[in-house]
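A.B. asks: Pasting a structure below so you can have a look.
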Amino acid sequence: MERRAETAGDSAPPSMARTSLLRELPATPRGQRTRTALIDAGRRVFERLGYLDTRLVDITQEAKCSSGTFYTYFAGKEEIFAAILEHAQEDMMHPGMEHVAGDDDPVSIIEASNLAYFEAYKRNAKLMGLLEQVANIDPEFSKLRQERADAFIRRNARSIADLQQRGLADPGLDPMLSSRALSGMVSRLAFNYFVTGDGLLDGKPLPLEELVYTATRLWANALRMPVRN
């Protein structure tokens, strides 16, 4: 998942959707509405049944349309899945640190980034579980997913290097390796908490605020950043 705000010099993150499978949008508003309805129905079915077990008839029944209507917009399961990813990926966030200005509190920025990330992960928990499944069976999708994650790891590494230059983070740490470790920690924590259900304590979910607080403190402490009380 990713923070959408970008620092100077950052380019847009790569898409997880195979661009070769994406068609041009319909020319009419009615066509756009129908396509969107199919995408929404497809996402619900994929999340409910899984990628392998989903059939096109399941999607058309969910969307209450004919197979002919489906084939007007998509050639098959791979195309509609790519469209679902394109439609949803702006809300599938990676833990990214925004640019840290001289008068900003970097720990507060990390906290805000973690909060946005966990909230988006919670909204998209079923889809995130589906993406894990598809990545395990589709090497090309797995590669695209990793390239997207790497873009945010590189951005976090630049932020860490900036903090080191300003004397706000441990100068002995390698920025890229630190970013990869910390980003992976937060990502896996979110997956375990929201997808697999490992976030339960005595049968009850931990408050989101506690999740954010813990992830932020671990990030700040790992970099030996000063934390305001």
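Labels used: A, B, ... for chains in the order of the structure tokens, numbers from 1 for residues in each chain, and numbers from 1 for ligands as shown.
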Compile the contact shell of A:Asn221 as a list in words: residues with an atom at most 10 Å away, counting only C-alpha atoms, same-chain residues fewer than 5 positions apart removed.

C.D. replies: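 Residues near the query, excluding close chain neighbours: Ala169, Asp170, Ala215, Thr216, Pro226 and Val227 of chain A.
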
A.B. asks: Any chance you could export the current selection's all heavy atoms as a PDB file, in the first residue's frame?

C.D. replies:
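Below is the file that was written, out-v3.pdb:
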```pdb
ATOM      1  N   ALA A 169      18.728  10.905  12.356  1.00  0.00           N
ATOM      2  CA  ALA A 169      18.672   9.441  12.297  1.00  0.00           C
ATOM      3  C   ALA A 169      20.084   8.894  12.372  1.00  0.00           C
ATOM      4  O   ALA A 169      21.054   9.586  12.045  1.00  0.00           O
ATOM      5  CB  ALA A 169      17.981   8.984  11.009  1.00  0.00           C
ATOM      6  N   ASP A 170      20.198   7.665  12.813  1.00  0.00           N
ATOM      7  CA  ASP A 170      21.492   7.005  12.986  1.00  0.00           C
ATOM      8  C   ASP A 170      22.284   7.031  11.679  1.00  0.00           C
ATOM      9  O   ASP A 170      21.878   6.418  10.688  1.00  0.00           O
ATOM     10  CB  ASP A 170      21.240   5.558  13.425  1.00  0.00           C
ATOM     11  CG  ASP A 170      22.523   4.815  13.780  1.00  0.00           C
ATOM     12  OD1 ASP A 170      23.619   5.316  13.457  1.00  0.00           O
ATOM     13  OD2 ASP A 170      22.427   3.725  14.368  1.00  0.00           O
ATOM     14  N   ALA A 215       3.877   0.637  15.492  1.00  0.00           N
ATOM     15  CA  ALA A 215       4.658   0.657  14.254  1.00  0.00           C
ATOM     16  C   ALA A 215       5.515   1.915  14.167  1.00  0.00           C
ATOM     17  O   ALA A 215       6.680   1.864  13.742  1.00  0.00           O
ATOM     18  CB  ALA A 215       3.727   0.561  13.049  1.00  0.00           C
ATOM     19  N   THR A 216       4.966   3.043  14.584  1.00  0.00           N
ATOM     20  CA  THR A 216       5.694   4.304  14.519  1.00  0.00           C
ATOM     21  C   THR A 216       6.865   4.315  15.493  1.00  0.00           C
ATOM     22  O   THR A 216       7.978   4.741  15.147  1.00  0.00           O
ATOM     23  CB  THR A 216       4.759   5.482  14.814  1.00  0.00           C
ATOM     24  OG1 THR A 216       3.683   5.477  13.862  1.00  0.00           O
ATOM     25  CG2 THR A 216       5.491   6.803  14.746  1.00  0.00           C
ATOM     26  N   PRO A 226      14.853  11.146  17.561  1.00  0.00           N
ATOM     27  CA  PRO A 226      14.311  11.754  18.786  1.00  0.00           C
ATOM     28  C   PRO A 226      12.791  11.764  18.732  1.00  0.00           C
ATOM     29  O   PRO A 226      12.187  12.128  17.726  1.00  0.00           O
ATOM     30  CB  PRO A 226      14.877  13.177  18.750  1.00  0.00           C
ATOM     31  CG  PRO A 226      15.185  13.432  17.322  1.00  0.00           C
ATOM     32  CD  PRO A 226      15.584  12.119  16.738  1.00  0.00           C
ATOM     33  N   VAL A 227      12.146  11.330  19.823  1.00  0.00           N
ATOM     34  CA  VAL A 227      10.686  11.249  19.884  1.00  0.00           C
ATOM     35  C   VAL A 227      10.190  12.252  20.905  1.00  0.00           C
ATOM     36  O   VAL A 227      10.618  12.271  22.050  1.00  0.00           O
ATOM     37  CB  VAL A 227      10.229   9.820  20.295  1.00  0.00           C
ATOM     38  CG1 VAL A 227       8.710   9.761  20.382  1.00  0.00           C
ATOM     39  CG2 VAL A 227      10.750   8.799  19.286  1.00  0.00           C
TER      40      VAL A 227
END
```

A.B. asks: Leaving out stretch 65-76 of chain A and any residue of its chain fewer than 6 positions from it, which residues lie within 12 Å of it when counting only C-alpha atoms, given as number ranges by chain?

C.D. replies: A: 21-27, 31-39, 41-42, 54-59, 82-84

A.B. asks: Would you put the residues from that selection into a file with C-alpha atoms, as a PDB file, in the first residue's frame?

C.D. replies:
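Result went into again_21.pdb, see below:
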```pdb
ATOM      1  CA  LEU A  21      -4.419  -5.954 -20.858  1.00  0.00           C
ATOM      2  CA  LEU A  22      -5.990  -2.526 -20.351  1.00  0.00           C
ATOM      3  CA  ARG A  23      -8.328  -1.265 -23.055  1.00  0.00           C
ATOM      4  CA  GLU A  24      -9.328   2.306 -23.766  1.00  0.00           C
ATOM      5  CA  LEU A  25     -12.255   3.553 -21.724  1.00  0.00           C
ATOM      6  CA  PRO A  26     -15.698   3.437 -23.383  1.00  0.00           C
ATOM      7  CA  ALA A  27     -16.611   6.549 -25.295  1.00  0.00           C
ATOM      8  CA  GLY A  31     -20.518   2.417 -21.451  1.00  0.00           C
ATOM      9  CA  GLN A  32     -18.322   3.749 -18.652  1.00  0.00           C
ATOM     10  CA  ARG A  33     -21.036   2.988 -16.085  1.00  0.00           C
ATOM     11  CA  THR A  34     -21.432  -0.553 -17.381  1.00  0.00           C
ATOM     12  CA  ARG A  35     -17.692  -1.142 -17.327  1.00  0.00           C
ATOM     13  CA  THR A  36     -17.454   0.190 -13.767  1.00  0.00           C
ATOM     14  CA  ALA A  37     -20.341  -2.038 -12.681  1.00  0.00           C
ATOM     15  CA  LEU A  38     -18.532  -5.055 -14.123  1.00  0.00           C
ATOM     16  CA  ILE A  39     -15.311  -4.083 -12.345  1.00  0.00           C
ATOM     17  CA  ALA A  41     -18.900  -7.028  -9.484  1.00  0.00           C
ATOM     18  CA  GLY A  42     -15.663  -8.713 -10.515  1.00  0.00           C
ATOM     19  CA  THR A  54     -13.842 -17.435 -10.147  1.00  0.00           C
ATOM     20  CA  ARG A  55     -15.658 -18.073 -13.427  1.00  0.00           C
ATOM     21  CA  LEU A  56     -16.871 -15.471 -15.878  1.00  0.00           C
ATOM     22  CA  VAL A  57     -20.448 -16.597 -15.285  1.00  0.00           C
ATOM     23  CA  ASP A  58     -19.996 -15.765 -11.597  1.00  0.00           C
ATOM     24  CA  ILE A  59     -19.078 -12.209 -12.551  1.00  0.00           C
ATOM     25  CA  ALA A  82      -6.142  -5.994 -14.583  1.00  0.00           C
ATOM     26  CA  ALA A  83      -8.919  -3.395 -14.737  1.00  0.00           C
ATOM     27  CA  ILE A  84      -9.795  -4.068 -11.089  1.00  0.00           C
TER      28      ILE A  84
END
```

A.B. asks: Determine the nearest neighbour of A:Glu47 from the options A:Asp91, A:Glu132, A:Glu86, A:Asp105, counting only C-alpha atoms.

C.D. replies: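 Nearest to A:Glu47: A:Glu132.
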
A.B. asks: I want to know what sits within 12 Å of A:Lys126, based on only C-alpha atoms, with residues of the same chain fewer than 3 positions away left out; could you give that as a PDB file with N, CA, C and O atoms, in the first residue's frame?

C.D. replies:
```pdb
ATOM      1  N   ARG A  43     -14.644  -7.539  -8.685  1.00  0.00           N
ATOM      2  CA  ARG A  43     -13.872  -7.463  -7.442  1.00  0.00           C
ATOM      3  C   ARG A  43     -14.572  -8.227  -6.316  1.00  0.00           C
ATOM      4  O   ARG A  43     -13.928  -8.966  -5.570  1.00  0.00           O
ATOM      5  N   ARG A  44     -15.880  -8.058  -6.194  1.00  0.00           N
ATOM      6  CA  ARG A  44     -16.613  -8.771  -5.141  1.00  0.00           C
ATOM      7  C   ARG A  44     -16.494 -10.283  -5.311  1.00  0.00           C
ATOM      8  O   ARG A  44     -16.303 -11.013  -4.324  1.00  0.00           O
ATOM      9  N   VAL A  45     -16.613 -10.745  -6.542  1.00  0.00           N
ATOM     10  CA  VAL A  45     -16.550 -12.190  -6.788  1.00  0.00           C
ATOM     11  C   VAL A  45     -15.139 -12.724  -6.546  1.00  0.00           C
ATOM     12  O   VAL A  45     -14.959 -13.765  -5.898  1.00  0.00           O
ATOM     13  N   PHE A  46     -14.125 -12.032  -7.058  1.00  0.00           N
ATOM     14  CA  PHE A  46     -12.742 -12.471  -6.833  1.00  0.00           C
ATOM     15  C   PHE A  46     -12.433 -12.542  -5.339  1.00  0.00           C
ATOM     16  O   PHE A  46     -11.793 -13.493  -4.873  1.00  0.00           O
ATOM     17  N   GLU A  47     -12.861 -11.532  -4.607  1.00  0.00           N
ATOM     18  CA  GLU A  47     -12.585 -11.514  -3.167  1.00  0.00           C
ATOM     19  C   GLU A  47     -13.339 -12.620  -2.447  1.00  0.00           C
ATOM     20  O   GLU A  47     -12.860 -13.147  -1.435  1.00  0.00           O
ATOM     21  N   ARG A  48     -14.511 -12.974  -2.953  1.00  0.00           N
ATOM     22  CA  ARG A  48     -15.325 -13.995  -2.293  1.00  0.00           C
ATOM     23  C   ARG A  48     -14.867 -15.411  -2.640  1.00  0.00           C
ATOM     24  O   ARG A  48     -14.802 -16.284  -1.763  1.00  0.00           O
ATOM     25  N   LEU A  49     -14.536 -15.654  -3.905  1.00  0.00           N
ATOM     26  CA  LEU A  49     -14.239 -17.004  -4.371  1.00  0.00           C
ATOM     27  C   LEU A  49     -12.755 -17.280  -4.567  1.00  0.00           C
ATOM     28  O   LEU A  49     -12.338 -18.434  -4.630  1.00  0.00           O
ATOM     29  N   GLY A  50     -11.949 -16.213  -4.690  1.00  0.00           N
ATOM     30  CA  GLY A  50     -10.548 -16.396  -5.034  1.00  0.00           C
ATOM     31  C   GLY A  50     -10.363 -16.343  -6.533  1.00  0.00           C
ATOM     32  O   GLY A  50     -11.313 -16.515  -7.312  1.00  0.00           O
ATOM     33  N   TYR A  51      -9.128 -16.117  -6.951  1.00  0.00           N
ATOM     34  CA  TYR A  51      -8.871 -15.928  -8.382  1.00  0.00           C
ATOM     35  C   TYR A  51      -9.093 -17.209  -9.175  1.00  0.00           C
ATOM     36  O   TYR A  51      -9.754 -17.208 -10.223  1.00  0.00           O
ATOM     37  N   MET A  92      -4.640   1.538  -2.615  1.00  0.00           N
ATOM     38  CA  MET A  92      -3.853   0.479  -1.999  1.00  0.00           C
ATOM     39  C   MET A  92      -2.494   1.059  -1.652  1.00  0.00           C
ATOM     40  O   MET A  92      -1.615   1.177  -2.497  1.00  0.00           O
ATOM     41  N   ALA A 120      -6.084   2.406   4.839  1.00  0.00           N
ATOM     42  CA  ALA A 120      -6.308   1.932   3.479  1.00  0.00           C
ATOM     43  C   ALA A 120      -6.233   0.410   3.411  1.00  0.00           C
ATOM     44  O   ALA A 120      -7.003  -0.229   2.687  1.00  0.00           O
ATOM     45  N   TYR A 121      -5.315  -0.181   4.146  1.00  0.00           N
ATOM     46  CA  TYR A 121      -5.193  -1.642   4.160  1.00  0.00           C
ATOM     47  C   TYR A 121      -6.467  -2.260   4.721  1.00  0.00           C
ATOM     48  O   TYR A 121      -6.953  -3.282   4.206  1.00  0.00           O
ATOM     49  N   LYS A 122      -7.012  -1.645   5.753  1.00  0.00           N
ATOM     50  CA  LYS A 122      -8.253  -2.156   6.346  1.00  0.00           C
ATOM     51  C   LYS A 122      -9.391  -2.093   5.343  1.00  0.00           C
ATOM     52  O   LYS A 122     -10.186  -3.039   5.227  1.00  0.00           O
ATOM     53  N   ARG A 123      -9.487  -0.987   4.594  1.00  0.00           N
ATOM     54  CA  ARG A 123     -10.536  -0.853   3.586  1.00  0.00           C
ATOM     55  C   ARG A 123     -10.406  -1.902   2.487  1.00  0.00           C
ATOM     56  O   ARG A 123     -11.404  -2.341   1.917  1.00  0.00           O
ATOM     57  N   GLY A 129      -5.590  -9.725   0.440  1.00  0.00           N
ATOM     58  CA  GLY A 129      -5.466 -11.169   0.543  1.00  0.00           C
ATOM     59  C   GLY A 129      -5.501 -11.833  -0.824  1.00  0.00           C
ATOM     60  O   GLY A 129      -4.765 -12.791  -1.087  1.00  0.00           O
ATOM     61  N   LEU A 130      -6.353 -11.308  -1.716  1.00  0.00           N
ATOM     62  CA  LEU A 130      -6.437 -11.828  -3.076  1.00  0.00           C
ATOM     63  C   LEU A 130      -5.126 -11.614  -3.822  1.00  0.00           C
ATOM     64  O   LEU A 130      -4.650 -12.508  -4.543  1.00  0.00           O
ATOM     65  N   LEU A 131      -4.514 -10.440  -3.662  1.00  0.00           N
ATOM     66  CA  LEU A 131      -3.257 -10.147  -4.345  1.00  0.00           C
ATOM     67  C   LEU A 131      -2.150 -11.100  -3.895  1.00  0.00           C
ATOM     68  O   LEU A 131      -1.302 -11.500  -4.693  1.00  0.00           O
ATOM     69  N   GLU A 132      -2.156 -11.458  -2.633  1.00  0.00           N
ATOM     70  CA  GLU A 132      -1.168 -12.420  -2.134  1.00  0.00           C
ATOM     71  C   GLU A 132      -1.347 -13.763  -2.839  1.00  0.00           C
ATOM     72  O   GLU A 132      -0.367 -14.416  -3.211  1.00  0.00           O
ATOM     73  N   GLN A 133      -2.592 -14.157  -3.019  1.00  0.00           N
ATOM     74  CA  GLN A 133      -2.885 -15.419  -3.695  1.00  0.00           C
ATOM     75  C   GLN A 133      -2.420 -15.386  -5.147  1.00  0.00           C
ATOM     76  O   GLN A 133      -1.756 -16.318  -5.617  1.00  0.00           O
ATOM     77  N   PHE A 191      -0.672  -7.071   6.920  1.00  0.00           N
ATOM     78  CA  PHE A 191      -1.231  -8.295   6.344  1.00  0.00           C
ATOM     79  C   PHE A 191      -1.691  -9.252   7.443  1.00  0.00           C
ATOM     80  O   PHE A 191      -2.802  -9.792   7.393  1.00  0.00           O
ATOM     81  N   PHE A 194      -4.878  -7.527   9.345  1.00  0.00           N
ATOM     82  CA  PHE A 194      -6.149  -7.319   8.656  1.00  0.00           C
ATOM     83  C   PHE A 194      -6.576  -8.485   7.769  1.00  0.00           C
ATOM     84  O   PHE A 194      -7.766  -8.634   7.490  1.00  0.00           O
ATOM     85  N   VAL A 195      -5.632  -9.294   7.296  1.00  0.00           N
ATOM     86  CA  VAL A 195      -5.983 -10.374   6.366  1.00  0.00           C
ATOM     87  C   VAL A 195      -6.081 -11.717   7.069  1.00  0.00           C
ATOM     88  O   VAL A 195      -7.071 -12.432   6.928  1.00  0.00           O
ATOM     89  N   THR A 196      -5.055 -12.077   7.831  1.00  0.00           N
ATOM     90  CA  THR A 196      -5.053 -13.393   8.467  1.00  0.00           C
ATOM     91  C   THR A 196      -5.722 -13.402   9.834  1.00  0.00           C
ATOM     92  O   THR A 196      -5.974 -14.462  10.393  1.00  0.00           O
ATOM     93  N   GLY A 197      -5.992 -12.219  10.383  1.00  0.00           N
ATOM     94  CA  GLY A 197      -6.676 -12.154  11.666  1.00  0.00           C
ATOM     95  C   GLY A 197      -5.777 -12.337  12.863  1.00  0.00           C
ATOM     96  O   GLY A 197      -6.254 -12.624  13.974  1.00  0.00           O
TER      97      GLY A 197
END
```

A.B. asks: Please tabulate, as JSON lines, the residues of stretch 27-136 of chain A that come within 8 Å of stretch 142-147 of chain A, each with its closest pair of atoms and the distance in Å to one decimal, counting only C-alpha atoms and ordering rows by chain, then residue number upward.

C.D. replies:
```
{"residue": "A:Val134", "atom": "CA", "partner": "A:Ser142", "partner_atom": "CA", "distance": 7.7}
{"residue": "A:Ala135", "atom": "CA", "partner": "A:Ser142", "partner_atom": "CA", "distance": 4.4}
{"residue": "A:Asn136", "atom": "CA", "partner": "A:Ser142", "partner_atom": "CA", "distance": 7.2}
```

A.B. asks: Could you please write out, as an NGL selection string, every residue of chain A that DSSP assigns to alpha helix (DSSP H)?

C.D. replies: :A and (29-49 or 56-63 or 67-73 or 77-88 or 106-123 or 125-137 or 139-165 or 175-190 or 208-222)

A.B. asks: Under the rule that only C-alpha atoms are counted, which of A:Leu173, A:Ile137, A:Ala181, A:Met16 is the nearest residue to A:Glu90?

C.D. replies: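 Result for the nearest residue to A:Glu90: A:Met16.
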
A.B. asks: List the neighbours of A:Gln164 out to 12 Å using only C-alpha atoms; skip same-chain residues closer than 6 positions along the sequence, and give me the result as number ranges by chain.

C.D. replies: A: 100, 106, 157-158, 170-175, 178, 223-225

A.B. asks: So, with only C-alpha atoms as the atoms that count, which of A:Asp138, A:Glu79, A:Asp40, A:Asp150 lies closest to A:Ser179?

C.D. replies: A:Asp150

A.B. asks: What is the atom CA of A:Ala116 to atom CA of A:Glu210 distance in Å?

C.D. replies: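 Taking atom CA of A:Ala116 and atom CA of A:Glu210, their separation equals 14.0 Å.
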
A.B. asks: Show me, as a PyMOL selection string, the residues that have an atom within 12 Å of A:Glu209 when counting only C-alpha atoms, minus same-chain residues fewer than 2 positions from it.

C.D. replies: chain A and resi 111-112+114-116+118-119+205-207+211-216

A.B. asks: Since we have the selection now, will you write its residues out, keeping N, CA, C and O atoms, as a PDB file, in the first residue's frame?

C.D. replies:
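Saved file selection-v3.pdb follows:
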```
ATOM      1  N   GLU A 111       4.081   8.807  11.635  1.00  0.00           N
ATOM      2  CA  GLU A 111       2.830   8.375  12.259  1.00  0.00           C
ATOM      3  C   GLU A 111       1.642   8.600  11.328  1.00  0.00           C
ATOM      4  O   GLU A 111       0.776   7.727  11.182  1.00  0.00           O
ATOM      5  N   ALA A 112       1.587   9.771  10.688  1.00  0.00           N
ATOM      6  CA  ALA A 112       0.498  10.060   9.759  1.00  0.00           C
ATOM      7  C   ALA A 112       0.527   9.113   8.561  1.00  0.00           C
ATOM      8  O   ALA A 112      -0.521   8.656   8.079  1.00  0.00           O
ATOM      9  N   ASN A 114       1.795   6.042   8.541  1.00  0.00           N
ATOM     10  CA  ASN A 114       1.368   4.720   8.998  1.00  0.00           C
ATOM     11  C   ASN A 114      -0.142   4.655   9.190  1.00  0.00           C
ATOM     12  O   ASN A 114      -0.780   3.655   8.848  1.00  0.00           O
ATOM     13  N   LEU A 115      -0.723   5.723   9.726  1.00  0.00           N
ATOM     14  CA  LEU A 115      -2.177   5.749   9.918  1.00  0.00           C
ATOM     15  C   LEU A 115      -2.905   5.627   8.572  1.00  0.00           C
ATOM     16  O   LEU A 115      -3.840   4.836   8.422  1.00  0.00           O
ATOM     17  N   ALA A 116      -2.463   6.409   7.589  1.00  0.00           N
ATOM     18  CA  ALA A 116      -3.093   6.350   6.268  1.00  0.00           C
ATOM     19  C   ALA A 116      -2.934   4.965   5.652  1.00  0.00           C
ATOM     20  O   ALA A 116      -3.861   4.442   5.012  1.00  0.00           O
ATOM     21  N   PHE A 118      -2.494   1.977   7.241  1.00  0.00           N
ATOM     22  CA  PHE A 118      -3.312   0.967   7.916  1.00  0.00           C
ATOM     23  C   PHE A 118      -4.799   1.165   7.613  1.00  0.00           C
ATOM     24  O   PHE A 118      -5.540   0.185   7.460  1.00  0.00           O
ATOM     25  N   GLU A 119      -5.241   2.403   7.526  1.00  0.00           N
ATOM     26  CA  GLU A 119      -6.649   2.649   7.195  1.00  0.00           C
ATOM     27  C   GLU A 119      -6.977   2.136   5.798  1.00  0.00           C
ATOM     28  O   GLU A 119      -8.035   1.526   5.575  1.00  0.00           O
ATOM     29  N   PRO A 205     -10.098  -7.416  18.440  1.00  0.00           N
ATOM     30  CA  PRO A 205      -9.053  -6.702  17.689  1.00  0.00           C
ATOM     31  C   PRO A 205      -8.449  -5.575  18.523  1.00  0.00           C
ATOM     32  O   PRO A 205      -9.132  -4.921  19.313  1.00  0.00           O
ATOM     33  N   LEU A 206      -7.144  -5.386  18.354  1.00  0.00           N
ATOM     34  CA  LEU A 206      -6.486  -4.260  18.994  1.00  0.00           C
ATOM     35  C   LEU A 206      -6.971  -2.959  18.354  1.00  0.00           C
ATOM     36  O   LEU A 206      -7.283  -2.927  17.169  1.00  0.00           O
ATOM     37  N   PRO A 207      -7.030  -1.878  19.119  1.00  0.00           N
ATOM     38  CA  PRO A 207      -7.404  -0.598  18.517  1.00  0.00           C
ATOM     39  C   PRO A 207      -6.407  -0.191  17.441  1.00  0.00           C
ATOM     40  O   PRO A 207      -5.202  -0.442  17.560  1.00  0.00           O
ATOM     41  N   LEU A 211      -1.977  -0.001  16.994  1.00  0.00           N
ATOM     42  CA  LEU A 211      -1.192  -0.527  15.880  1.00  0.00           C
ATOM     43  C   LEU A 211      -0.305   0.567  15.299  1.00  0.00           C
ATOM     44  O   LEU A 211       0.887   0.358  15.048  1.00  0.00           O
ATOM     45  N   VAL A 212      -0.891   1.742  15.081  1.00  0.00           N
ATOM     46  CA  VAL A 212      -0.140   2.874  14.527  1.00  0.00           C
ATOM     47  C   VAL A 212       0.966   3.297  15.487  1.00  0.00           C
ATOM     48  O   VAL A 212       2.107   3.535  15.076  1.00  0.00           O
ATOM     49  N   TYR A 213       0.640   3.401  16.761  1.00  0.00           N
ATOM     50  CA  TYR A 213       1.616   3.835  17.765  1.00  0.00           C
ATOM     51  C   TYR A 213       2.815   2.886  17.807  1.00  0.00           C
ATOM     52  O   TYR A 213       3.975   3.317  17.798  1.00  0.00           O
ATOM     53  N   THR A 214       2.533   1.572  17.820  1.00  0.00           N
ATOM     54  CA  THR A 214       3.612   0.589  17.916  1.00  0.00           C
ATOM     55  C   THR A 214       4.494   0.615  16.682  1.00  0.00           C
ATOM     56  O   THR A 214       5.733   0.626  16.779  1.00  0.00           O
ATOM     57  N   ALA A 215       3.877   0.637  15.492  1.00  0.00           N
ATOM     58  CA  ALA A 215       4.658   0.657  14.254  1.00  0.00           C
ATOM     59  C   ALA A 215       5.515   1.915  14.167  1.00  0.00           C
ATOM     60  O   ALA A 215       6.680   1.864  13.742  1.00  0.00           O
ATOM     61  N   THR A 216       4.966   3.043  14.584  1.00  0.00           N
ATOM     62  CA  THR A 216       5.694   4.304  14.519  1.00  0.00           C
ATOM     63  C   THR A 216       6.865   4.315  15.493  1.00  0.00           C
ATOM     64  O   THR A 216       7.978   4.741  15.147  1.00  0.00           O
TER      65      THR A 216
END
```

A.B. asks: Based on the backbone DSSP call, show me all residues of stretch 143-224 of chain A assigned strand (DSSP E or B), as an MDAnalysis selection string.

C.D. replies: chainID A and resid 200:201 204:205

A.B. asks: Considering only C-alpha atoms, state which residue in the set A:Leu218, A:Ile80, A:Met176, A:Leu208 is at the smallest distance from A:Thr60.

C.D. replies: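 Closest residue, counting only C-alpha atoms: A:Ile80.
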